[in-house]
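Q: I have a structure I would like to understand better, so I am pasting it below and will then ask my questions one at a time.
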Amino acid sequence: MPDSTERLSIDPRLLQRMKGIEIKSRFLAKGLYNNRHRSTDFGSSNEFIEYRDYQPGDALSTIDWRVYARTDRLYVKRFEMEANMEVHFLLDTSGSMRVQAERGLPGKLELAATIVGAVATMVIAQQDSAGLYCIADGVAVHIPPSQGLRHLSLLFQHLSDPPGSGGGDFGKLAQRPMQEIGRKGVAFVVSDAIDPPEELFETLKGLMVREQDVTLFQILDKAELEFPFDKMTEFRNPETDQRIMGDPLRLKQQYLKRMNSHLQDIEQFCNRTGVDYVRIHNGDDLVNLLASHFIQRLVRGRG
Amino acid sequence: MLSPLMFFGLLGLGVPVLIHLINRRQMPPRYLATLRFLDQEDVANSFAPRPRDVLQLLLRLLLIALFVLLMARLIVPSETTAPRALVIVLDNSMSMKREAAPEVTMFEHCQQQIAEMIDGMSEQDMFSFVLVGDRVFIDTGLTRDRQLLKDALSKAWVSDGGSRHLLPCVERGLAELQGQKVIDAAVLVFSDHQSVVYASGDRSPALRELLERGKVSLVLVGDSLPPVDNLSVERAAFHPENVFLGTSSKLTAAVRNRTSQEKTVEVKLLDGSSEGESRAVVLAAGEEVYVDLVHSFDSPVDVACSVEISSDGLDADNVNNLPMRMRKRRQILMIAPPKYQTADEMETSYEGVNLLAYAINPEEVLGLASGVHTSVKRVTPNGLERLSLSLYTTIVLYGVDQLPGEKSLSDLDSYVRGGGGLYIIPDADNSPVKFNETFSPLLGGLEIGVVKEPESALFLSKNEAAVSSPVLLPLMREEWGSPDDITVSRYFGIRSKGTASCVLRAANDDWLGAEMPLDKGRVFLQLFSCDIRDTGMPRSQAFVPMVRAVLDYVAGARDSLRPDIMRAGDTWYTDFLQFRGLGGDISVDGPGKHMFPMTPDGTGVKIHDIFIAGNYSVTHPAKRTGRRRWLAVNPVKGESELNEISEEELSTKLGAGNVSRMAYEEVVNRFSKTREILPWMLMVVFVALIVESVAGAWQSRKRETAT
């Protein structure tokens with residue numbers, strides 16, 4: 001566990017903007033506790049679902065006596081059960097996320113941790129459970145979903161200095177958490193998603209199959225998107241230390257072409273499969289971008 | 001433009017291009033998570049040159065180009081003549097005395113043209129006037145002072161020397177003007193442009209380099225003048241070159257016709273101011289003839305003579321000066337023992353001493369002009385102490401093996417060491433021991449031995465290699481008659497040779513004569529007497545010439561009478577014995593007045609820098625009453641050829657670059673009417689610099705923003 005004195009610093013403006021925005025899954029939730037999320041289980045909420053024939057053992061309070069008066073048959077009214085929701089964060093903490101940004105901009109991992117922290121704060125605030133996977137060259141940390149401010153504090157401690165080193169194929173490594181997460185919930189995959197996307201797509205599909213409401217936050221450095229270099233530079237891969245020296249001006253065109261193609265593939269996949277896709281770089285106005293995304297998500301009626 | 005070499009600065013345009021094309025400045029490594037989107041093939045291609053920051057590149061190229069143009073100092077047409085820097089070189093060699101127009105010499109003609117140029121100077125013009133011949137006589141340096149130039153020009157004069165220094169002066173002028181950043185810079189040479197002036201041009205690589213690569217032009221100014229007739233006295237000499245009073249000498253003068261036509265010329269000899277013999281000579285084209293003129297000298301003092309020919313297109317080479325040095329009467333002191341009788345008996349005596357006296361002065365013996373040229377005083381050794389030896393040119397000791405006292409010997413020693421000649425002939429009665437004891441201080445270690453009397457008389461050796469002094473070489477070479485009838489039957493042997501040189505040997509290789517230098521004088525020792533019982537020499541034709549040759553040889557230092565002749569501009573070292581020990585300067589007066597210091601040893605003098613031909617009187621302020629001596633200065637050789645250098649020859653000698661030959665009128669019109677646009681160029685460069693700086697700053701800001 002990281003040093004408890006370290007705390008994740010989140011812009012208060014972001015928290016203020018996010019305050020009151022509800023995170024809901026578009027799918028039915030399945031939780032341990034009663035909450036306001038619609039659940040696949042039947043419960044005691046105000047949401048009527050169906051009548052069924054009375055069966056011995058049913059509580060008498062569930063019999064709809066008015067129907068019995070009209071039809072002389074015993075029917076039991078069934079109501080939705082409103083459960084709490086488990087929200088899982090799959091955070092990429094590999095070396096590629098740890099590349100230092102230029103000129104005072106936040107690093108990708110810092111940005112990702114901020115997003116996770118902000119969303120987790122929303123989740124905890126609405127009495128849902130939040131769990132965290134930090135994935136680098138394996139699952140570095142797994143914090144099972146839980147509720148409460150103490151749990152949020154635990155999350156923040158880990159997010160202040162997300163563990164993990166090296167790197168690998170995040171999509172492939174995330175498949176194990178995908179299998180552990182179980183069904184019905186919300187999953188936020190936070191990664192730069194710059195590896196070949198096929199494995200990532202499999203992971204996302206797996207999560208969708210498990211009726212997780214999946215959002216992919218693709219966190220990028222602005223320099224990775226724009227490739228603004230103009231002098232002879234030696235580029236190094238932060239994970240493999242592979243080195244390439246060249247003239248950026250000559251490399252830029254092909255680089256951007258390949259980069260955009262990659263991003264387009266991811267975006268098309270997400271659109272096709274219903275995965276929410278949010279691309280953020282460290283030069284973006286996170287406050288507005290994140291808030292507007294969750295507002296749009298709410299407006300779109302998901303949840 | 002004034003500095004076209006600066007266009008090499010355009011090569012600097014490549015620098016920003018290279019910088020912009022291949023900016024390979026190594027940057028710190030940059031971690032890039034998206035490295036996989038960089039393709040290796042693109043990386044390889046990325047090293048190919050590719051321009052970047054094109055705007056900035058263009059501005060930098062423009063800035064450099066403008067700077068180069070600024071440094072090249074562009075010039076544009078103008079209403080007025082551009083500032084000029086001219087080195088005006090005026091040749092003052094003898095050939096400039098040639099006739100350019102009636103009553104006007106070439107030199108005067110050039111002076112007028114230069115004066116016109118100086119009058120036409122503008123405020124910005126800088127001229128330098130150089131008068132040059134065998135050396136630089138006037139050099140004002142580059143100046144804007146018109147009056148200074150005019151004064152220098154008015155002092156210009158023409159010499160009888162050559163133009164040895166003209167090309168070096170041109171080279172120096174070209175080098176001096178290289179540093180002058182003016183539109184028109186040229187070296188103007190006002191000369192008759194003889195071939196000889198530029199003869200050494202092809203041996204001066206520095207000059208050719210300046211002409212071919214420099215921006216300063218060399219202009220040979222000269223109008224094409226019609227050829228003039230020129231005959232010259234090439235050289236002249238008297239035979240003999242010195243005479244006794246009342247005798248004659250033959251002058252032989254070489255006269256050359258340098259025209260292409262037959263010419264008749266009168267050759268005239270001048271003795272001082274009086275005319276001597278003259279003769280008209282007809283010379284074919286290009287012919288050189290020798291003309292003999294005989295002249296009798298009736299004055300006891302040296303005279304300045306000259307030979308002249310009729311006036312022509314170049315009068316300077318029509319005269320040749322040569323002094324005639326009058327020989328003094330030769331005073332010979334003969335010392336012989338009392339056993340040899342008086343002069344009355346000489347005529348009939350066959351004693352060796354009498355035969356020797358005859359050989360010394362045959363006229364006296366024959367009653368012809370007795371004592372006019374040679375005077376022989378005969379004394380016994382006892383009378384030696386009462387005589388002033390310095391009055392005599394030579395002292396002859398015949399048959400003397402003893403001197404009356406130490407003083408006599410010391411007088412003789414001083415006499416010889418001071419330049420006197422001593423001729424010693426021992427006779428068979430002399431004791432070798434006494435002889436050696438008496439004369440050892442004078443003989444340089446030589447000692448005679450006993451008298452040798454070979455069974456048969458010895459002939460003389462003709463082996464020149466066996467002698468080490470040339471005085472009697474004519475005898476061995478049979479110039480004085482055949483030596484085969486000369487025999488020696490009695491002579492002294494040599495016990496020790498000392499420092500003596502052998503002058504004559506017998507057939508058996510024994511020495512018969514020796515000579516010893518002693519400071520400034522010489523001692524000659526004849527090892528056989530002149531008695532006909534000892535030798536057949538007095539009977540031979542060679543006797544008189546031999547005696548005279550010995551007397552001339554031993555008296556050489558004291559009795560030198562070579563005429564003093566030099567060429568204008570030459571440096572000449574000579575001795576003036578009559579001024580010996582006076583120190584100070586000698587005065588050389590003639591067409592010019594010169595003073596030359598005596599050398600430290602008090603006899604010699606170095607005469608130089610006389611550039612006007614003529615007869616100069618050489619005197620010493622401390623010895624006004626001494627015998628007058630003349631120094632003849634003749635015009636330099638090689639200046640009489642009035643052919644101008646041809647274009648082809650000029651090209652060969654000086655190369656093709658930046659050399660032109662033009663008339664004076666063309667020179668005046670050649671100066672361009674242009675001006676320099678330096679201030680405008682400075683302003684443009686300044687503006688371009690600001691624009692480049694702003695663009696650079698903007699580019700940097702843009703890059704920072706992008707990053």
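Ordering of the structure tokens sets the chain letters (A, B, ...); residue numbers start at 1 within each chain; ligands are numbered from 1 in the order shown.
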If the cut-off is 6 Å, can you tell me the residues of chain A near chain B, counting only C-alpha atoms? I'd like them as a list in words.
A: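 Every residue meeting the condition is included here: Ser96, Pro228, Met232, Thr233, Glu234, Phe235, Arg236, Asn237, Pro238, Gly246, Asp247, Arg250, Leu251, Tyr255 and Arg258 of chain A.
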Q: Can you tell me which residues surround region 205-215 of chain A at a distance of at most 7 Å, considering only C-alpha atoms, apart from same-chain residues fewer than 3 positions away, and format the answer as a ChimeraX atom specification?
A: /A:25-27,178,182-189,201-202,275-277
Q: List as a PyMOL selection string the protein and nucleic acid residues near Leu460 (chain B), meaning an atom at most 9 Å away when only C-alpha atoms are counted, but skip any in the same chain fewer than 6 places from it.
A: chain B and resi 476+483-484+486-488+504-509+512
Q: Suppose we keep N, CA and C atoms; can you now write the selection as a PDB file, in the first residue's frame?
A:
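For reference, again_9.pdb as written:
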```
ATOM      1  N   MET B 476     107.837  34.036 -70.070  1.00  0.00           N
ATOM      2  CA  MET B 476     107.703  32.591 -70.337  1.00  0.00           C
ATOM      3  C   MET B 476     106.825  32.332 -71.553  1.00  0.00           C
ATOM      4  N   PRO B 483     112.590  33.205 -75.203  1.00  0.00           N
ATOM      5  CA  PRO B 483     113.470  33.057 -74.035  1.00  0.00           C
ATOM      6  C   PRO B 483     114.519  31.972 -74.230  1.00  0.00           C
ATOM      7  N   ASP B 484     114.482  31.331 -75.397  1.00  0.00           N
ATOM      8  CA  ASP B 484     115.389  30.200 -75.583  1.00  0.00           C
ATOM      9  C   ASP B 484     116.853  30.622 -75.687  1.00  0.00           C
ATOM     10  N   ILE B 486     118.115  32.814 -73.707  1.00  0.00           N
ATOM     11  CA  ILE B 486     118.495  33.359 -72.394  1.00  0.00           C
ATOM     12  C   ILE B 486     119.009  32.203 -71.543  1.00  0.00           C
ATOM     13  N   THR B 487     120.213  32.384 -71.049  1.00  0.00           N
ATOM     14  CA  THR B 487     120.788  31.359 -70.171  1.00  0.00           C
ATOM     15  C   THR B 487     121.260  32.016 -68.892  1.00  0.00           C
ATOM     16  N   VAL B 488     121.398  31.220 -67.876  1.00  0.00           N
ATOM     17  CA  VAL B 488     121.931  31.694 -66.592  1.00  0.00           C
ATOM     18  C   VAL B 488     123.072  30.739 -66.223  1.00  0.00           C
ATOM     19  N   LEU B 504     110.329  33.175 -61.238  1.00  0.00           N
ATOM     20  CA  LEU B 504     111.077  32.671 -62.395  1.00  0.00           C
ATOM     21  C   LEU B 504     111.931  31.496 -61.946  1.00  0.00           C
ATOM     22  N   ARG B 505     111.974  30.465 -62.808  1.00  0.00           N
ATOM     23  CA  ARG B 505     112.777  29.288 -62.484  1.00  0.00           C
ATOM     24  C   ARG B 505     113.723  28.979 -63.638  1.00  0.00           C
ATOM     25  N   ALA B 506     114.826  28.308 -63.244  1.00  0.00           N
ATOM     26  CA  ALA B 506     115.723  27.791 -64.273  1.00  0.00           C
ATOM     27  C   ALA B 506     115.189  26.440 -64.741  1.00  0.00           C
ATOM     28  N   ALA B 507     115.806  25.946 -65.788  1.00  0.00           N
ATOM     29  CA  ALA B 507     115.322  24.676 -66.339  1.00  0.00           C
ATOM     30  C   ALA B 507     115.436  23.549 -65.331  1.00  0.00           C
ATOM     31  N   ASN B 508     116.432  23.678 -64.395  1.00  0.00           N
ATOM     32  CA  ASN B 508     116.564  22.632 -63.370  1.00  0.00           C
ATOM     33  C   ASN B 508     115.647  22.878 -62.182  1.00  0.00           C
ATOM     34  N   ASP B 509     114.754  23.823 -62.320  1.00  0.00           N
ATOM     35  CA  ASP B 509     113.730  24.134 -61.325  1.00  0.00           C
ATOM     36  C   ASP B 509     114.239  25.001 -60.186  1.00  0.00           C
ATOM     37  N   LEU B 512     115.016  31.555 -59.790  1.00  0.00           N
ATOM     38  CA  LEU B 512     115.847  32.637 -60.318  1.00  0.00           C
ATOM     39  C   LEU B 512     115.295  33.994 -59.915  1.00  0.00           C
TER      40      LEU B 512
END
```
Q: Of the candidates B:Lys653, B:Arg144, B:Lys97, B:Lys150, which shows the shortest atom-to-atom distance to Gln113 (chain B), using only C-alpha atoms?
A: B:Lys150
Q: Which is closer to Val255 (chain B) than all the others in B:Val228, B:Leu333, B:Val307, B:Ile114, using only C-alpha atoms?
A: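 Nearest to Val255 (chain B): B:Val307.
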Q: Would you compute the distance between CA of Pro591 (chain B) and CA of Asp564 (chain B)? Give it in Å to one decimal.
A: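 One can read the CA of Pro591 (chain B) to CA of Asp564 (chain B) distance as 16.3 Å.
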Q: Residues within 7 Å of Ser129 (chain A), please, as a list in words. Count only C-alpha atoms; anything in the same chain fewer than 4 positions from it doesn't count.
A: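 Final neighbour list, sorted by chain and number: Met85, Glu86, Val87, Val123, Ile124, Pro145, Ser146 and Gln147 of chain A.
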Q: Deliver the residues from the most recent selection as a file, using C-alpha atoms, as a PDB file, in the first residue's frame.
A:
```pdb
ATOM      1  CA  MET A  85     -24.079  -0.944  -7.899  1.00  0.00           C
ATOM      2  CA  GLU A  86     -20.544  -2.208  -8.127  1.00  0.00           C
ATOM      3  CA  VAL A  87     -18.256   0.008 -10.107  1.00  0.00           C
ATOM      4  CA  VAL A 123     -19.717   6.410  -6.882  1.00  0.00           C
ATOM      5  CA  ILE A 124     -19.062   6.340  -3.165  1.00  0.00           C
ATOM      6  CA  PRO A 145     -15.571  -3.038  -4.483  1.00  0.00           C
ATOM      7  CA  SER A 146     -16.823  -1.595  -1.289  1.00  0.00           C
ATOM      8  CA  GLN A 147     -18.647   1.420   0.048  1.00  0.00           C
TER       9      GLN A 147
END
```
Q: Which residues in region 197-437 of chain B does DSSP call strand (DSSP E or B)? List them as a ChimeraX atom specification.
A: /B:217-221,231-239,242-244,248-257,263-271,274-283,288-296,303-308,319-327,330-335,374-379,394-398,421-425
Q: Among region 483-595 of chain B, which ones does DSSP assign to helix (DSSP H, G or I) (computed from the backbone)? Answer as a PyMOL selection string.
A: chain B and resi 483-485+537-539+543-554+577-579
Q: What's the 6 Å shell around Gly131 (chain A), counting only C-alpha atoms, without same-chain residues fewer than 6 positions away, as a ChimeraX atom specification?
A: /A:88,143-145
Q: Would you save the residues of that selection, restricted to C-alpha atoms, as an mmCIF file, in the first residue's frame?
A:
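Final file, out21.cif:
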```
data_model
loop_
_atom_site.group_PDB
_atom_site.id
_atom_site.type_symbol
_atom_site.label_atom_id
_atom_site.label_comp_id
_atom_site.auth_asym_id
_atom_site.auth_seq_id
_atom_site.Cartn_x
_atom_site.Cartn_y
_atom_site.Cartn_z
ATOM 1 C CA HIS A 88 -14.917 -1.386 -11.211
ATOM 2 C CA ILE A 143 -9.108 -3.493 -4.292
ATOM 3 C CA PRO A 144 -12.500 -5.244 -4.231
ATOM 4 C CA PRO A 145 -15.571 -3.038 -4.483
#
```
Q: Provide the CA of Ala359 (chain B) to CA of Thr535 (chain B) distance in Å, to one decimal place.
A: 14.9 Å
Q: If we count only C-alpha atoms and set the cut-off at 8 Å, which residues sit around region 277-289 of chain B, ignoring sequence neighbours fewer than 2 positions away in its own chain? Please answer as a VMD selection string.
A: chain B and resid 254 to 270 275 291 293 to 295
Q: Could you tell me which of A:Tyr51, A:Tyr75, A:Phe217, A:Tyr133 comes closest to Ser191 (chain A) if we count only C-alpha atoms?
A: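 Using only C-alpha atoms, Ser191 (chain A) sits closest to A:Phe217.
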Q: Of the candidates B:Tyr573, B:Ile612, B:Phe107, B:Ala697, which one gets nearest to Met598 (chain B) if we count only C-alpha atoms?
A: B:Tyr573
Q: When you draw a straight line from CA of Glu308 (chain B) to CA of Asp271 (chain B), how long is it in Å?
A: 11.1 Å
Q: Find the residues around Gly104 (chain A) up to 12 Å (only C-alpha atoms counted), leave out those fewer than 4 positions away in its own chain, and share them as a CSV table (one decimal) with N, CA and C atoms, in the first residue's frame.
A:
```csv
chain,number,residue,atom,x,y,z
A,100,GLN,N,6.6,11.1,-18.7
A,100,GLN,CA,6.5,12.5,-18.1
A,100,GLN,C,6.0,13.4,-19.2
A,110,GLU,N,-1.2,10.4,-14.0
A,110,GLU,CA,-1.8,11.4,-13.0
A,110,GLU,C,-3.2,11.8,-13.5
A,282,ASN,N,-3.8,15.3,-22.0
A,282,ASN,CA,-3.5,16.1,-20.8
A,282,ASN,C,-3.6,17.6,-21.1
A,283,GLY,N,-3.9,17.9,-22.3
A,283,GLY,CA,-4.1,19.4,-22.5
A,283,GLY,C,-5.6,19.7,-22.5
B,707,THR,N,4.9,23.0,-29.0
B,707,THR,CA,5.4,22.0,-28.1
B,707,THR,C,4.5,21.9,-26.8
```
